[in-house]
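Text of the file coords_37.pdb, holding PDB, N, CA and C atoms:
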```
MODEL        1
ATOM      1  N   MET A   1      70.612  93.483  94.341
ATOM      2  CA  MET A   1      72.009  93.801  94.198
ATOM      3  C   MET A   1      72.408  94.954  95.129
ATOM      4  N   ASP A   2      71.557  95.982  95.209
ATOM      5  CA  ASP A   2      71.857  97.128  96.073
ATOM      6  C   ASP A   2      71.892  96.716  97.542
ATOM      7  N   LYS A   3      71.008  95.811  97.895
ATOM      8  CA  LYS A   3      70.953  95.345  99.276
ATOM      9  C   LYS A   3      72.242  94.598  99.637
ATOM     10  N   LEU A   4      72.728  93.806  98.698
ATOM     11  CA  LEU A   4      73.963  93.071  98.921
ATOM     12  C   LEU A   4      75.144  94.032  99.090
ATOM     13  N   LEU A   5      75.206  95.050  98.249
ATOM     14  CA  LEU A   5      76.274  96.047  98.371
ATOM     15  C   LEU A   5      76.200  96.789  99.696
ATOM     16  N   ALA A   6      75.003  97.113 100.120
ATOM     17  CA  ALA A   6      74.831  97.800 101.403
ATOM     18  C   ALA A   6      75.300  96.919 102.551
ATOM     19  N   MET A   7      74.981  95.637 102.485
ATOM     20  CA  MET A   7      75.413  94.702 103.533
ATOM     21  C   MET A   7      76.935  94.574 103.548
ATOM     22  N   LEU A   8      77.539  94.501 102.374
ATOM     23  CA  LEU A   8      78.991  94.382 102.300
ATOM     24  C   LEU A   8      79.685  95.640 102.823
ATOM     25  N   ARG A   9      79.148  96.797 102.504
ATOM     26  CA  ARG A   9      79.737  98.045 103.001
ATOM     27  C   ARG A   9      79.594  98.156 104.511
ATOM     28  N   ASP A  10      78.466  97.708 105.033
ATOM     29  CA  ASP A  10      78.249  97.723 106.479
ATOM     30  C   ASP A  10      79.258  96.804 107.166
ATOM     31  N   GLU A  11      79.466  95.640 106.609
ATOM     32  CA  GLU A  11      80.431  94.693 107.167
ATOM     33  C   GLU A  11      81.850  95.263 107.093
ATOM     34  N   GLU A  12      82.155  95.949 106.005
ATOM     35  CA  GLU A  12      83.469  96.571 105.851
ATOM     36  C   GLU A  12      83.702  97.614 106.946
ATOM     37  N   ARG A  13      82.692  98.424 107.245
ATOM     38  CA  ARG A  13      82.815  99.435 108.305
ATOM     39  C   ARG A  13      83.041  98.780 109.663
ATOM     40  N   LYS A  14      82.323  97.696 109.922
ATOM     41  CA  LYS A  14      82.496  96.995 111.194
ATOM     42  C   LYS A  14      83.912  96.447 111.330
ATOM     43  N   LEU A  15      84.398  95.834 110.261
ATOM     44  CA  LEU A  15      85.736  95.252 110.303
ATOM     45  C   LEU A  15      86.817  96.330 110.416
ATOM     46  N   ALA A  16      86.606  97.462 109.779
ATOM     47  CA  ALA A  16      87.576  98.555 109.875
ATOM     48  C   ALA A  16      87.671  99.055 111.315
ATOM     49  N   GLY A  17      86.543  99.157 111.985
ATOM     50  CA  GLY A  17      86.550  99.578 113.384
ATOM     51  C   GLY A  17      87.258  98.578 114.270
ATOM     52  N   ARG A  18      87.025  97.299 114.021
ATOM     53  CA  ARG A  18      87.698  96.263 114.810
ATOM     54  C   ARG A  18      89.196  96.266 114.541
ATOM     55  N   LEU A  19      89.585  96.488 113.288
ATOM     56  CA  LEU A  19      90.996  96.509 112.946
ATOM     57  C   LEU A  19      91.712  97.656 113.660
ATOM     58  N   THR A  20      91.080  98.811 113.724
ATOM     59  CA  THR A  20      91.672  99.943 114.433
ATOM     60  C   THR A  20      91.851  99.601 115.910
ATOM     61  N   GLY A  21      90.843  98.969 116.491
ATOM     62  CA  GLY A  21      90.939  98.555 117.890
ATOM     63  C   GLY A  21      92.039  97.538 118.117
ATOM     64  N   LEU A  22      92.178  96.598 117.208
ATOM     65  CA  LEU A  22      93.235  95.595 117.329
ATOM     66  C   LEU A  22      94.615  96.228 117.220
ATOM     67  N   ARG A  23      94.766  97.159 116.300
ATOM     68  CA  ARG A  23      96.056  97.834 116.165
ATOM     69  C   ARG A  23      96.413  98.604 117.430
ATOM     70  N   ALA A  24      95.425  99.251 118.025
ATOM     71  CA  ALA A  24      95.670  99.999 119.263
ATOM     72  C   ALA A  24      96.064  99.046 120.390
ATOM     73  N   ALA A  25      95.396  97.904 120.476
ATOM     74  CA  ALA A  25      95.722  96.922 121.514
ATOM     75  C   ALA A  25      97.129  96.364 121.322
ATOM     76  N   ILE A  26      97.487  96.058 120.087
ATOM     77  CA  ILE A  26      98.826  95.551 119.797
ATOM     78  C   ILE A  26      99.867  96.586 120.179
ATOM     79  N   GLN A  27      99.615  97.830 119.842
ATOM     80  CA  GLN A  27     100.550  98.903 120.163
ATOM     81  C   GLN A  27     100.706  99.045 121.673
ATOM     82  N   ALA A  28      99.595  98.963 122.395
ATOM     83  CA  ALA A  28      99.645  99.118 123.851
ATOM     84  C   ALA A  28     100.406  97.969 124.502
ATOM     85  N   LEU A  29     100.225  96.766 123.986
ATOM     86  CA  LEU A  29     100.870  95.608 124.580
ATOM     87  C   LEU A  29     102.322  95.438 124.135
ATOM     88  N   SER A  30     102.687  95.993 123.005
ATOM     89  CA  SER A  30     104.035  95.784 122.490
ATOM     90  C   SER A  30     105.082  96.567 123.264
ATOM     91  N   GLY A  31     104.675  97.657 123.897
ATOM     92  CA  GLY A  31     105.614  98.456 124.654
ATOM     93  C   GLY A  31     106.425  99.388 123.779
ATOM     94  N   ASN A  32     106.234  99.322 122.484
ATOM     95  CA  ASN A  32     106.935 100.200 121.562
ATOM     96  C   ASN A  32     106.063 101.418 121.325
ATOM     97  N   SER A  33     106.174 102.372 122.218
ATOM     98  CA  SER A  33     105.298 103.542 122.135
ATOM     99  C   SER A  33     105.929 104.677 121.354
ATOM    100  N   SER A  34     107.029 104.405 120.668
ATOM    101  CA  SER A  34     107.694 105.484 119.957
ATOM    102  C   SER A  34     106.901 105.966 118.751
ATOM    103  N   LYS A  35     106.224 105.060 118.051
ATOM    104  CA  LYS A  35     105.485 105.470 116.864
ATOM    105  C   LYS A  35     104.186 104.669 116.784
ATOM    106  N   PRO A  36     103.053 105.279 117.070
ATOM    107  CA  PRO A  36     101.793 104.541 117.039
ATOM    108  C   PRO A  36     101.379 104.190 115.614
ATOM    109  N   TYR A  37     100.585 103.124 115.489
ATOM    110  CA  TYR A  37     100.071 102.722 114.185
ATOM    111  C   TYR A  37      99.117 103.766 113.628
ATOM    112  N   VAL A  38      98.236 104.243 114.483
ATOM    113  CA  VAL A  38      97.237 105.201 114.055
ATOM    114  C   VAL A  38      97.738 106.593 114.407
ATOM    115  N   ALA A  39      97.921 107.406 113.402
ATOM    116  CA  ALA A  39      98.406 108.762 113.649
ATOM    117  C   ALA A  39      97.308 109.573 114.317
ATOM    118  N   ARG A  40      97.643 110.194 115.396
ATOM    119  CA  ARG A  40      96.683 111.024 116.112
ATOM    120  C   ARG A  40      96.923 112.472 115.711
ATOM    121  N   ALA A  41      95.962 113.071 115.090
ATOM    122  CA  ALA A  41      96.088 114.464 114.662
ATOM    123  C   ALA A  41      95.855 115.373 115.860
ATOM    124  N   HIS A  42      96.669 116.373 115.986
ATOM    125  CA  HIS A  42      96.526 117.316 117.090
ATOM    126  C   HIS A  42      96.610 118.718 116.508
ATOM    127  N   LYS A  43      95.655 119.526 116.855
ATOM    128  CA  LYS A  43      95.586 120.838 116.227
ATOM    129  C   LYS A  43      96.726 121.766 116.633
ATOM    130  N   LEU A  44      97.412 121.476 117.736
ATOM    131  CA  LEU A  44      98.501 122.341 118.166
ATOM    132  C   LEU A  44      99.865 121.677 117.981
ATOM    133  N   LYS A  45      99.928 120.648 117.186
ATOM    134  CA  LYS A  45     101.166 119.899 117.009
ATOM    135  C   LYS A  45     102.286 120.822 116.517
ATOM    136  N   GLY A  46     103.383 120.809 117.242
ATOM    137  CA  GLY A  46     104.528 121.601 116.859
ATOM    138  C   GLY A  46     104.462 123.057 117.275
ATOM    139  N   ARG A  47     103.408 123.449 117.943
ATOM    140  CA  ARG A  47     103.273 124.846 118.361
ATOM    141  C   ARG A  47     103.408 124.954 119.875
ATOM    142  N   LYS A  48     103.973 126.049 120.317
ATOM    143  CA  LYS A  48     104.108 126.298 121.739
ATOM    144  C   LYS A  48     102.848 127.012 122.237
ATOM    145  N   LEU A  49     102.346 126.561 123.366
ATOM    146  CA  LEU A  49     101.154 127.185 123.933
ATOM    147  C   LEU A  49     101.515 128.514 124.592
ATOM    148  N   SER A  50     100.622 129.455 124.466
ATOM    149  CA  SER A  50     100.828 130.740 125.132
ATOM    150  C   SER A  50     100.560 130.554 126.626
ATOM    151  N   PRO A  51     101.126 131.428 127.442
ATOM    152  CA  PRO A  51     100.867 131.333 128.886
ATOM    153  C   PRO A  51      99.372 131.415 129.219
ATOM    154  N   ALA A  52      98.638 132.232 128.480
ATOM    155  CA  ALA A  52      97.204 132.350 128.732
ATOM    156  C   ALA A  52      96.483 131.035 128.401
ATOM    157  N   HIS A  53      96.903 130.392 127.327
ATOM    158  CA  HIS A  53      96.282 129.126 126.936
ATOM    159  C   HIS A  53      96.596 128.047 127.973
ATOM    160  N   ARG A  54      97.852 128.000 128.425
ATOM    161  CA  ARG A  54      98.211 127.018 129.460
ATOM    162  C   ARG A  54      97.399 127.250 130.727
ATOM    163  N   ALA A  55      97.226 128.511 131.113
ATOM    164  CA  ALA A  55      96.456 128.844 132.311
ATOM    165  C   ALA A  55      94.994 128.422 132.143
ATOM    166  N   ALA A  56      94.456 128.612 130.944
ATOM    167  CA  ALA A  56      93.069 128.219 130.698
ATOM    168  C   ALA A  56      92.911 126.706 130.784
ATOM    169  N   ILE A  57      93.886 125.981 130.267
ATOM    170  CA  ILE A  57      93.830 124.517 130.335
ATOM    171  C   ILE A  57      93.904 124.061 131.787
ATOM    172  N   LYS A  58      94.833 124.633 132.556
ATOM    173  CA  LYS A  58      94.967 124.273 133.972
ATOM    174  C   LYS A  58      93.695 124.598 134.743
ATOM    175  N   ALA A  59      93.078 125.740 134.454
ATOM    176  CA  ALA A  59      91.839 126.116 135.128
ATOM    177  C   ALA A  59      90.724 125.122 134.795
ATOM    178  N   GLY A  60      90.658 124.689 133.540
ATOM    179  CA  GLY A  60      89.650 123.711 133.130
ATOM    180  C   GLY A  60      89.851 122.379 133.818
ATOM    181  N   ILE A  61      91.113 121.957 133.943
ATOM    182  CA  ILE A  61      91.407 120.700 134.629
ATOM    183  C   ILE A  61      91.039 120.803 136.101
ATOM    184  N   ALA A  62      91.378 121.923 136.735
ATOM    185  CA  ALA A  62      91.047 122.127 138.147
ATOM    186  C   ALA A  62      89.535 122.126 138.353
ATOM    187  N   LYS A  63      88.810 122.761 137.437
ATOM    188  CA  LYS A  63      87.354 122.800 137.525
ATOM    189  C   LYS A  63      86.765 121.402 137.393
ATOM    190  N   ALA A  64      87.294 120.605 136.478
ATOM    191  CA  ALA A  64      86.800 119.245 136.285
ATOM    192  C   ALA A  64      87.087 118.380 137.503
ATOM    193  N   LYS A  65      88.281 118.530 138.089
ATOM    194  CA  LYS A  65      88.629 117.761 139.287
ATOM    195  C   LYS A  65      87.736 118.136 140.450
ATOM    196  N   LYS A  66      87.447 119.437 140.576
ATOM    197  CA  LYS A  66      86.584 119.906 141.662
ATOM    198  C   LYS A  66      85.168 119.342 141.490
ATOM    199  N   ALA A  67      84.668 119.349 140.263
ATOM    200  CA  ALA A  67      83.339 118.807 140.003
ATOM    201  C   ALA A  67      83.287 117.316 140.242
ATOM    202  N   GLN A  68      84.380 116.631 139.918
ATOM    203  CA  GLN A  68      84.439 115.189 140.114
ATOM    204  C   GLN A  68      84.503 114.850 141.604
ATOM    205  N   ALA A  69      85.195 115.680 142.382
ATOM    206  CA  ALA A  69      85.313 115.455 143.812
ATOM    207  C   ALA A  69      83.959 115.650 144.508
ATOM    208  N   LYS A  70      83.157 116.584 143.993
ATOM    209  CA  LYS A  70      81.823 116.822 144.567
ATOM    210  C   LYS A  70      80.901 115.633 144.346
ATOM    211  N   ALA A  71      81.001 115.022 143.195
ATOM    212  CA  ALA A  71      80.094 113.926 142.820
ATOM    213  C   ALA A  71      80.391 112.648 143.522
TER     214      ALA A  71
ENDMDL
END
```

Will you turn the file into structure tokens for me?
Amino acid sequence: MDKLLAMLRDEERKLAGRLTGLRAAIQALSGNSSKPYVARAHKLKGRKLSPAHRAAIKAGIAKAKKAQAKA
């Protein structure tokens, strides 16, 4: 009985992952990008970035681009 429950839970996890992927694909193809199906949590949502934080982000992006150009 436990083995059967474990198999069913494993299958449920697989299907949940596929469902999330399908929803994302539908959203991307529908062109209605105003409200996504899956809410994306963002730790800075609704907050304004400080100038120092923006500068740090820009520096990180520049560093990544430079490293990518070298490779």

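Here CA of Ala6 in chain A stands at a distance of 29.0 Å from CA of Ala25 in chain A.
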
(message) Could you tell me how far atom C of Arg18 in chain A sits from atom C of Leu5 in chain A, in Å to one decimal place?
(response) 19.7 Å

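Of note, CA of Leu49 in chain A and atom N of Ala64 in chain A are spaced 19.8 Å apart.
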
Can range 17-28 of chain A be brought up to all heavy atoms and written out as a PDB file, keeping the file's coordinate frame?
```pdb
ATOM      1  N   GLY A  17      86.543  99.157 111.985  1.00  0.00           N
ATOM      2  CA  GLY A  17      86.550  99.578 113.384  1.00  0.00           C
ATOM      3  C   GLY A  17      87.258  98.578 114.270  1.00  0.00           C
ATOM      4  O   GLY A  17      88.032  98.952 115.158  1.00  0.00           O
ATOM      5  N   ARG A  18      87.025  97.299 114.021  1.00  0.00           N
ATOM      6  CA  ARG A  18      87.698  96.263 114.810  1.00  0.00           C
ATOM      7  C   ARG A  18      89.196  96.266 114.541  1.00  0.00           C
ATOM      8  O   ARG A  18      89.995  96.059 115.453  1.00  0.00           O
ATOM      9  CB  ARG A  18      87.105  94.895 114.501  1.00  0.00           C
ATOM     10  CG  ARG A  18      85.675  94.757 115.035  1.00  0.00           C
ATOM     11  CD  ARG A  18      85.142  93.374 114.862  1.00  0.00           C
ATOM     12  NE  ARG A  18      85.884  92.471 115.734  1.00  0.00           N
ATOM     13  CZ  ARG A  18      85.861  91.152 115.627  1.00  0.00           C
ATOM     14  NH1 ARG A  18      85.142  90.580 114.690  1.00  0.00           N
ATOM     15  NH2 ARG A  18      86.544  90.385 116.442  1.00  0.00           N
ATOM     16  N   LEU A  19      89.585  96.488 113.288  1.00  0.00           N
ATOM     17  CA  LEU A  19      90.996  96.509 112.946  1.00  0.00           C
ATOM     18  C   LEU A  19      91.712  97.656 113.660  1.00  0.00           C
ATOM     19  O   LEU A  19      92.814  97.480 114.175  1.00  0.00           O
ATOM     20  CB  LEU A  19      91.173  96.642 111.433  1.00  0.00           C
ATOM     21  CG  LEU A  19      92.600  96.684 110.907  1.00  0.00           C
ATOM     22  CD1 LEU A  19      93.353  95.417 111.282  1.00  0.00           C
ATOM     23  CD2 LEU A  19      92.593  96.859 109.410  1.00  0.00           C
ATOM     24  N   THR A  20      91.080  98.811 113.724  1.00  0.00           N
ATOM     25  CA  THR A  20      91.672  99.943 114.433  1.00  0.00           C
ATOM     26  C   THR A  20      91.851  99.601 115.910  1.00  0.00           C
ATOM     27  O   THR A  20      92.891  99.895 116.499  1.00  0.00           O
ATOM     28  CB  THR A  20      90.773 101.188 114.282  1.00  0.00           C
ATOM     29  OG1 THR A  20      90.625 101.465 112.899  1.00  0.00           O
ATOM     30  CG2 THR A  20      91.367 102.386 114.986  1.00  0.00           C
ATOM     31  N   GLY A  21      90.843  98.969 116.491  1.00  0.00           N
ATOM     32  CA  GLY A  21      90.939  98.555 117.890  1.00  0.00           C
ATOM     33  C   GLY A  21      92.039  97.538 118.117  1.00  0.00           C
ATOM     34  O   GLY A  21      92.775  97.603 119.107  1.00  0.00           O
ATOM     35  N   LEU A  22      92.178  96.598 117.208  1.00  0.00           N
ATOM     36  CA  LEU A  22      93.235  95.595 117.329  1.00  0.00           C
ATOM     37  C   LEU A  22      94.615  96.228 117.220  1.00  0.00           C
ATOM     38  O   LEU A  22      95.525  95.875 117.969  1.00  0.00           O
ATOM     39  CB  LEU A  22      93.073  94.531 116.236  1.00  0.00           C
ATOM     40  CG  LEU A  22      91.935  93.527 116.447  1.00  0.00           C
ATOM     41  CD1 LEU A  22      91.766  92.662 115.215  1.00  0.00           C
ATOM     42  CD2 LEU A  22      92.228  92.665 117.656  1.00  0.00           C
ATOM     43  N   ARG A  23      94.766  97.159 116.300  1.00  0.00           N
ATOM     44  CA  ARG A  23      96.056  97.834 116.165  1.00  0.00           C
ATOM     45  C   ARG A  23      96.413  98.604 117.430  1.00  0.00           C
ATOM     46  O   ARG A  23      97.562  98.610 117.869  1.00  0.00           O
ATOM     47  CB  ARG A  23      96.034  98.782 114.975  1.00  0.00           C
ATOM     48  CG  ARG A  23      96.115  98.066 113.655  1.00  0.00           C
ATOM     49  CD  ARG A  23      96.105  99.031 112.505  1.00  0.00           C
ATOM     50  NE  ARG A  23      96.277  98.340 111.240  1.00  0.00           N
ATOM     51  CZ  ARG A  23      95.936  98.833 110.076  1.00  0.00           C
ATOM     52  NH1 ARG A  23      95.403 100.027 109.990  1.00  0.00           N
ATOM     53  NH2 ARG A  23      96.129  98.133 108.977  1.00  0.00           N
ATOM     54  N   ALA A  24      95.425  99.251 118.025  1.00  0.00           N
ATOM     55  CA  ALA A  24      95.670  99.999 119.263  1.00  0.00           C
ATOM     56  C   ALA A  24      96.064  99.046 120.390  1.00  0.00           C
ATOM     57  O   ALA A  24      96.968  99.348 121.180  1.00  0.00           O
ATOM     58  CB  ALA A  24      94.432 100.797 119.643  1.00  0.00           C
ATOM     59  N   ALA A  25      95.396  97.904 120.476  1.00  0.00           N
ATOM     60  CA  ALA A  25      95.722  96.922 121.514  1.00  0.00           C
ATOM     61  C   ALA A  25      97.129  96.364 121.322  1.00  0.00           C
ATOM     62  O   ALA A  25      97.893  96.216 122.284  1.00  0.00           O
ATOM     63  CB  ALA A  25      94.697  95.795 121.497  1.00  0.00           C
ATOM     64  N   ILE A  26      97.487  96.058 120.087  1.00  0.00           N
ATOM     65  CA  ILE A  26      98.826  95.551 119.797  1.00  0.00           C
ATOM     66  C   ILE A  26      99.867  96.586 120.179  1.00  0.00           C
ATOM     67  O   ILE A  26     100.886  96.262 120.797  1.00  0.00           O
ATOM     68  CB  ILE A  26      98.948  95.157 118.311  1.00  0.00           C
ATOM     69  CG1 ILE A  26      98.115  93.908 118.026  1.00  0.00           C
ATOM     70  CG2 ILE A  26     100.407  94.934 117.925  1.00  0.00           C
ATOM     71  CD1 ILE A  26      97.944  93.601 116.553  1.00  0.00           C
ATOM     72  N   GLN A  27      99.615  97.830 119.842  1.00  0.00           N
ATOM     73  CA  GLN A  27     100.550  98.903 120.163  1.00  0.00           C
ATOM     74  C   GLN A  27     100.706  99.045 121.673  1.00  0.00           C
ATOM     75  O   GLN A  27     101.811  99.207 122.174  1.00  0.00           O
ATOM     76  CB  GLN A  27     100.076 100.221 119.551  1.00  0.00           C
ATOM     77  CG  GLN A  27     100.986 101.391 119.805  1.00  0.00           C
ATOM     78  CD  GLN A  27     102.350 101.223 119.170  1.00  0.00           C
ATOM     79  OE1 GLN A  27     102.475 100.588 118.136  1.00  0.00           O
ATOM     80  NE2 GLN A  27     103.358 101.770 119.788  1.00  0.00           N
ATOM     81  N   ALA A  28      99.595  98.963 122.395  1.00  0.00           N
ATOM     82  CA  ALA A  28      99.645  99.118 123.851  1.00  0.00           C
ATOM     83  C   ALA A  28     100.406  97.969 124.502  1.00  0.00           C
ATOM     84  O   ALA A  28     101.153  98.171 125.456  1.00  0.00           O
ATOM     85  CB  ALA A  28      98.226  99.210 124.407  1.00  0.00           C
TER      86      ALA A  28
END
```
